[in-house]
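S.K.: protein-v2.cif is reproduced in full below (mmCIF, C-alpha atoms).
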```cif
data_query
#
loop_
_atom_site.group_PDB
_atom_site.id
_atom_site.type_symbol
_atom_site.label_atom_id
_atom_site.label_comp_id
_atom_site.auth_asym_id
_atom_site.auth_seq_id
_atom_site.Cartn_x
_atom_site.Cartn_y
_atom_site.Cartn_z
ATOM 1 C CA MET M 1 34.911 -20.166 -21.937
ATOM 2 C CA THR M 2 32.726 -23.077 -22.970
ATOM 3 C CA ASN M 3 28.954 -22.780 -23.127
ATOM 4 C CA GLU M 4 28.637 -24.986 -20.064
ATOM 5 C CA THR M 5 31.104 -22.844 -18.097
ATOM 6 C CA ALA M 6 29.370 -19.657 -19.204
ATOM 7 C CA LEU M 7 25.983 -21.054 -18.219
ATOM 8 C CA LEU M 8 27.314 -22.138 -14.833
ATOM 9 C CA ALA M 9 28.823 -18.686 -14.252
ATOM 10 C CA LEU M 10 25.513 -17.053 -15.204
ATOM 11 C CA LEU M 11 23.555 -19.320 -12.858
ATOM 12 C CA GLU M 12 25.994 -18.618 -10.030
ATOM 13 C CA SER M 13 25.767 -14.860 -10.602
ATOM 14 C CA ARG M 14 21.964 -15.019 -10.635
ATOM 15 C CA GLU M 15 22.001 -17.061 -7.441
ATOM 16 C CA ALA M 16 24.384 -14.562 -5.847
ATOM 17 C CA GLU M 17 22.145 -11.690 -6.963
ATOM 18 C CA ALA M 18 19.085 -13.448 -5.528
ATOM 19 C CA ASN M 19 20.945 -14.016 -2.253
ATOM 20 C CA ALA M 20 21.996 -10.355 -2.096
ATOM 21 C CA LYS M 21 18.403 -9.278 -2.771
ATOM 22 C CA ALA M 22 17.051 -11.638 -0.103
ATOM 23 C CA GLU M 23 19.580 -10.365 2.429
ATOM 24 C CA TRP M 24 18.796 -6.725 1.626
ATOM 25 C CA ILE M 25 15.050 -7.365 1.893
ATOM 26 C CA ALA M 26 15.469 -9.227 5.196
ATOM 27 C CA GLU M 27 17.470 -6.331 6.641
ATOM 28 C CA TRP M 28 14.957 -3.786 5.342
ATOM 29 C CA THR M 29 12.072 -5.783 6.779
ATOM 30 C CA ALA M 30 13.714 -6.093 10.207
ATOM 31 C CA ALA M 31 14.483 -2.383 10.298
ATOM 32 C CA ASN M 32 11.022 -1.306 9.131
ATOM 33 C CA ARG M 33 8.805 -3.730 11.069
ATOM 34 C CA PRO M 34 8.748 -1.492 14.165
ATOM 35 C CA LEU M 35 7.960 1.513 11.965
ATOM 36 C CA LEU M 36 4.998 -0.270 10.364
ATOM 37 C CA LEU M 37 3.692 -1.348 13.757
ATOM 38 C CA ALA M 38 3.979 2.258 14.964
ATOM 39 C CA GLY M 39 2.163 3.560 11.875
ATOM 40 C CA MET M 40 5.226 5.410 10.631
ATOM 41 C CA LEU M 41 5.315 3.830 7.163
ATOM 42 C CA GLU M 42 2.820 4.146 4.337
ATOM 43 C CA THR M 43 0.288 2.188 6.384
ATOM 44 C CA ASP M 44 -0.356 0.675 9.806
ATOM 45 C CA PRO M 45 -1.846 -2.583 11.132
ATOM 46 C CA ALA M 46 -5.307 -1.076 11.669
ATOM 47 C CA THR M 47 -5.455 0.107 8.064
ATOM 48 C CA LEU M 48 -4.278 -3.286 6.845
ATOM 49 C CA LEU M 49 -7.039 -5.003 8.814
ATOM 50 C CA GLY M 50 -9.543 -2.656 7.181
ATOM 51 C CA GLU M 51 -8.379 -3.740 3.719
ATOM 52 C CA LEU M 52 -8.798 -7.505 4.093
ATOM 53 C CA ASN M 53 -10.161 -9.623 1.272
ATOM 54 C CA THR M 54 -13.077 -12.016 1.753
ATOM 55 C CA ASP M 55 -10.956 -15.019 2.718
ATOM 56 C CA GLN M 56 -8.916 -12.950 5.158
ATOM 57 C CA HIS M 57 -12.118 -11.600 6.737
ATOM 58 C CA ARG M 58 -13.249 -15.145 7.404
ATOM 59 C CA HIS M 59 -9.963 -15.959 9.187
ATOM 60 C CA TYR M 60 -10.075 -12.671 11.068
ATOM 61 C CA ASN M 61 -13.617 -13.335 12.270
ATOM 62 C CA GLN M 62 -12.669 -16.854 13.369
ATOM 63 C CA ALA M 63 -9.727 -15.502 15.332
ATOM 64 C CA ILE M 64 -11.914 -12.861 17.000
ATOM 65 C CA TRP M 65 -14.553 -15.481 17.810
ATOM 66 C CA LEU M 66 -11.917 -17.697 19.471
ATOM 67 C CA MET M 67 -10.659 -14.781 21.517
ATOM 68 C CA MET M 68 -14.119 -13.680 22.600
ATOM 69 C CA ASN M 69 -15.521 -17.143 23.360
ATOM 70 C CA ASP M 70 -12.499 -19.171 24.453
ATOM 71 C CA GLY M 71 -10.109 -16.423 25.527
ATOM 72 C CA GLU M 72 -7.519 -17.631 22.997
ATOM 73 C CA GLN M 73 -5.511 -14.662 21.785
ATOM 74 C CA ALA M 74 -2.891 -16.651 19.860
ATOM 75 C CA PRO M 75 -4.949 -17.095 16.634
ATOM 76 C CA LEU M 76 -5.693 -13.368 16.464
ATOM 77 C CA MET M 77 -2.081 -12.435 17.134
ATOM 78 C CA GLN M 78 -0.914 -14.946 14.522
ATOM 79 C CA PHE M 79 -3.373 -13.597 11.951
ATOM 80 C CA ILE M 80 -2.343 -9.983 12.524
ATOM 81 C CA GLY M 81 1.300 -11.060 12.263
ATOM 82 C CA GLN M 82 0.603 -12.707 8.909
ATOM 83 C CA VAL M 83 -1.138 -9.592 7.585
ATOM 84 C CA VAL M 84 1.741 -7.387 8.748
ATOM 85 C CA ASP M 85 4.345 -9.777 7.292
ATOM 86 C CA ALA M 86 2.589 -9.843 3.914
ATOM 87 C CA GLU M 87 2.479 -6.048 3.760
ATOM 88 C CA LEU M 88 6.113 -5.784 4.825
ATOM 89 C CA ALA M 89 7.065 -8.178 2.033
ATOM 90 C CA GLU M 90 5.256 -6.012 -0.519
ATOM 91 C CA LEU M 91 6.807 -2.813 0.826
ATOM 92 C CA ALA M 92 10.254 -4.425 0.879
ATOM 93 C CA GLN M 93 9.945 -5.441 -2.782
ATOM 94 C CA ALA M 94 9.009 -1.881 -3.696
ATOM 95 C CA ALA M 95 11.887 -0.532 -1.600
ATOM 96 C CA TRP M 96 14.296 -2.924 -3.330
ATOM 97 C CA HIS M 97 13.220 -1.659 -6.740
ATOM 98 C CA SER M 98 13.588 1.935 -5.545
ATOM 99 C CA HIS M 99 17.031 1.106 -4.151
ATOM 100 C CA LEU M 100 18.167 -0.296 -7.493
ATOM 101 C CA ALA M 101 16.704 2.656 -9.367
ATOM 102 C CA ALA M 102 18.496 5.092 -7.057
ATOM 103 C CA LEU M 103 21.765 3.247 -7.604
ATOM 104 C CA HIS M 104 21.260 3.348 -11.337
ATOM 105 C CA ASP M 105 20.325 7.043 -11.309
ATOM 106 C CA ALA M 106 23.404 7.927 -9.270
ATOM 107 C CA MET M 107 25.729 6.165 -11.693
ATOM 108 C CA SER M 108 26.538 6.635 -15.328
ATOM 109 C CA ASP M 109 25.658 3.731 -17.606
ATOM 110 C CA GLN M 110 29.298 2.659 -17.626
ATOM 111 C CA GLN M 111 29.521 2.797 -13.822
ATOM 112 C CA TRP M 112 26.262 0.829 -13.553
ATOM 113 C CA GLU M 113 27.549 -1.898 -15.859
ATOM 114 C CA GLN M 114 30.809 -2.018 -13.883
ATOM 115 C CA TYR M 115 28.857 -2.208 -10.604
ATOM 116 C CA GLN M 116 26.797 -5.111 -11.906
ATOM 117 C CA PHE M 117 29.898 -6.867 -13.235
ATOM 118 C CA ASN M 118 31.787 -6.427 -9.940
ATOM 119 C CA HIS M 119 28.754 -7.453 -7.896
ATOM 120 C CA GLN M 120 28.267 -10.615 -9.910
ATOM 121 C CA ARG M 121 31.982 -11.440 -9.900
ATOM 122 C CA THR M 122 32.331 -10.838 -6.152
ATOM 123 C CA ALA M 123 29.214 -12.849 -5.394
ATOM 124 C CA ALA M 124 30.391 -15.762 -7.516
#
```
For the structure just supplied, provide its representation as structure tokens.
M.R.:
Amino acid sequence: MTNETALLALLESREAEANAKAEWIAEWTAANRPLLLAGMLETDPATLLGELNTDQHRHYNQAIWLMMNDGEQAPLMQFIGQVVDAELAELAQAAWHSHLAALHDAMSDQQWEQYQFNHQRTAA
């Protein structure tokens, strides 16, 4: 295998791995969104709104002002959606790392290497 072919194969396997990760995270996020909204995960929307940074507080206050003065609920709903989405993304990343660690723990080193090899080969 030439260096160019090896590099191309490596890039393709990394792209396939990134695609698999993105798909897993998207599925996890879709499955866990209702749980976060119901407060059945590590946090809930009310807690997230209580942990806003300064810039987020400014946007939150603007959205509340628009709702109270103009009756526009869309900016507030959009803001809350963004806060929830950002937290879901963080939780999904942590869940992905836990998922990989659990896979690794359940397998011997040889099985893990074979899993990675098969996953990269299948994805390519």
S.K.: Determine, counting only C-alpha atoms, every residue of protein, DNA or RNA that lies within 7 Å of (-5.5, -14.6, 14.6) in the file coordinates, then give the result as a VMD selection string.
M.R.: chain M and resid 60 63 74 to 80
S.K.: Produce a file of the selected residues containing C-alpha atoms, as a PDB file, in the coordinates of the input.
M.R.:
```pdb
ATOM      1  CA  TYR M  60     -10.075 -12.671  11.068  1.00  0.00           C
ATOM      2  CA  ALA M  63      -9.727 -15.502  15.332  1.00  0.00           C
ATOM      3  CA  ALA M  74      -2.891 -16.651  19.860  1.00  0.00           C
ATOM      4  CA  PRO M  75      -4.949 -17.095  16.634  1.00  0.00           C
ATOM      5  CA  LEU M  76      -5.693 -13.368  16.464  1.00  0.00           C
ATOM      6  CA  MET M  77      -2.081 -12.435  17.134  1.00  0.00           C
ATOM      7  CA  GLN M  78      -0.914 -14.946  14.522  1.00  0.00           C
ATOM      8  CA  PHE M  79      -3.373 -13.597  11.951  1.00  0.00           C
ATOM      9  CA  ILE M  80      -2.343  -9.983  12.524  1.00  0.00           C
TER      10      ILE M  80
END
```
S.K.: Can you tell me how far CA of Val83 (chain M) sits from CA of Ala26 (chain M), in Å to one decimal?
M.R.: 16.8 Å
S.K.: Need to verify the contact set: region 32-48 of chain M, 8 Å, only C-alpha atoms, exclusion of same-chain residues closer than 3 positions in sequence. Can you return it as a PyMOL selection string?
M.R.: chain M and resi 28-29+51-52+80+83-84+87-88
S.K.: Please compute the CA of Ala22 (chain M)-CA of Asp109 (chain M) distance, one decimal, in Å.
M.R.: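 Separating CA of Ala22 (chain M) from CA of Asp109 (chain M) is a distance of 24.8 Å.
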S.K.: What does the distance between CA of Ala30 (chain M) and CA of Leu91 (chain M) come to in Å, to one decimal place?
M.R.: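 CA of Ala30 (chain M) sits 12.1 Å away from CA of Leu91 (chain M).
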S.K.: Can you list, as a PDB file with C-alpha atoms, in the coordinates of the input, every protein, DNA or RNA residue that comes within 12 Å of region 99-101 of chain M when you count all atoms listed in the file, leaving out same-chain residues fewer than 2 positions away?
M.R.:
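part.pdb, written as the output of this step:
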```pdb
ATOM      1  CA  LYS M  21      18.403  -9.278  -2.771  1.00  0.00           C
ATOM      2  CA  TRP M  24      18.796  -6.725   1.626  1.00  0.00           C
ATOM      3  CA  ILE M  25      15.050  -7.365   1.893  1.00  0.00           C
ATOM      4  CA  TRP M  28      14.957  -3.786   5.342  1.00  0.00           C
ATOM      5  CA  ALA M  92      10.254  -4.425   0.879  1.00  0.00           C
ATOM      6  CA  GLN M  93       9.945  -5.441  -2.782  1.00  0.00           C
ATOM      7  CA  ALA M  94       9.009  -1.881  -3.696  1.00  0.00           C
ATOM      8  CA  ALA M  95      11.887  -0.532  -1.600  1.00  0.00           C
ATOM      9  CA  TRP M  96      14.296  -2.924  -3.330  1.00  0.00           C
ATOM     10  CA  HIS M  97      13.220  -1.659  -6.740  1.00  0.00           C
ATOM     11  CA  LEU M 103      21.765   3.247  -7.604  1.00  0.00           C
ATOM     12  CA  HIS M 104      21.260   3.348 -11.337  1.00  0.00           C
ATOM     13  CA  ASP M 105      20.325   7.043 -11.309  1.00  0.00           C
ATOM     14  CA  ALA M 106      23.404   7.927  -9.270  1.00  0.00           C
ATOM     15  CA  MET M 107      25.729   6.165 -11.693  1.00  0.00           C
ATOM     16  CA  TRP M 112      26.262   0.829 -13.553  1.00  0.00           C
ATOM     17  CA  TYR M 115      28.857  -2.208 -10.604  1.00  0.00           C
ATOM     18  CA  GLN M 116      26.797  -5.111 -11.906  1.00  0.00           C
TER      19      GLN M 116
END
```
S.K.: Enclose all atoms of region 95-98 of chain M listed in the file in an axis-aligned box, grow every side by 3 Å, and hand back centre and edge lengths in Å to one decimal, as JSON.
M.R.:
```
{"center_x": 13.1, "center_y": -0.5, "center_z": -4.2, "size_x": 8.4, "size_y": 10.9, "size_z": 11.1}
```
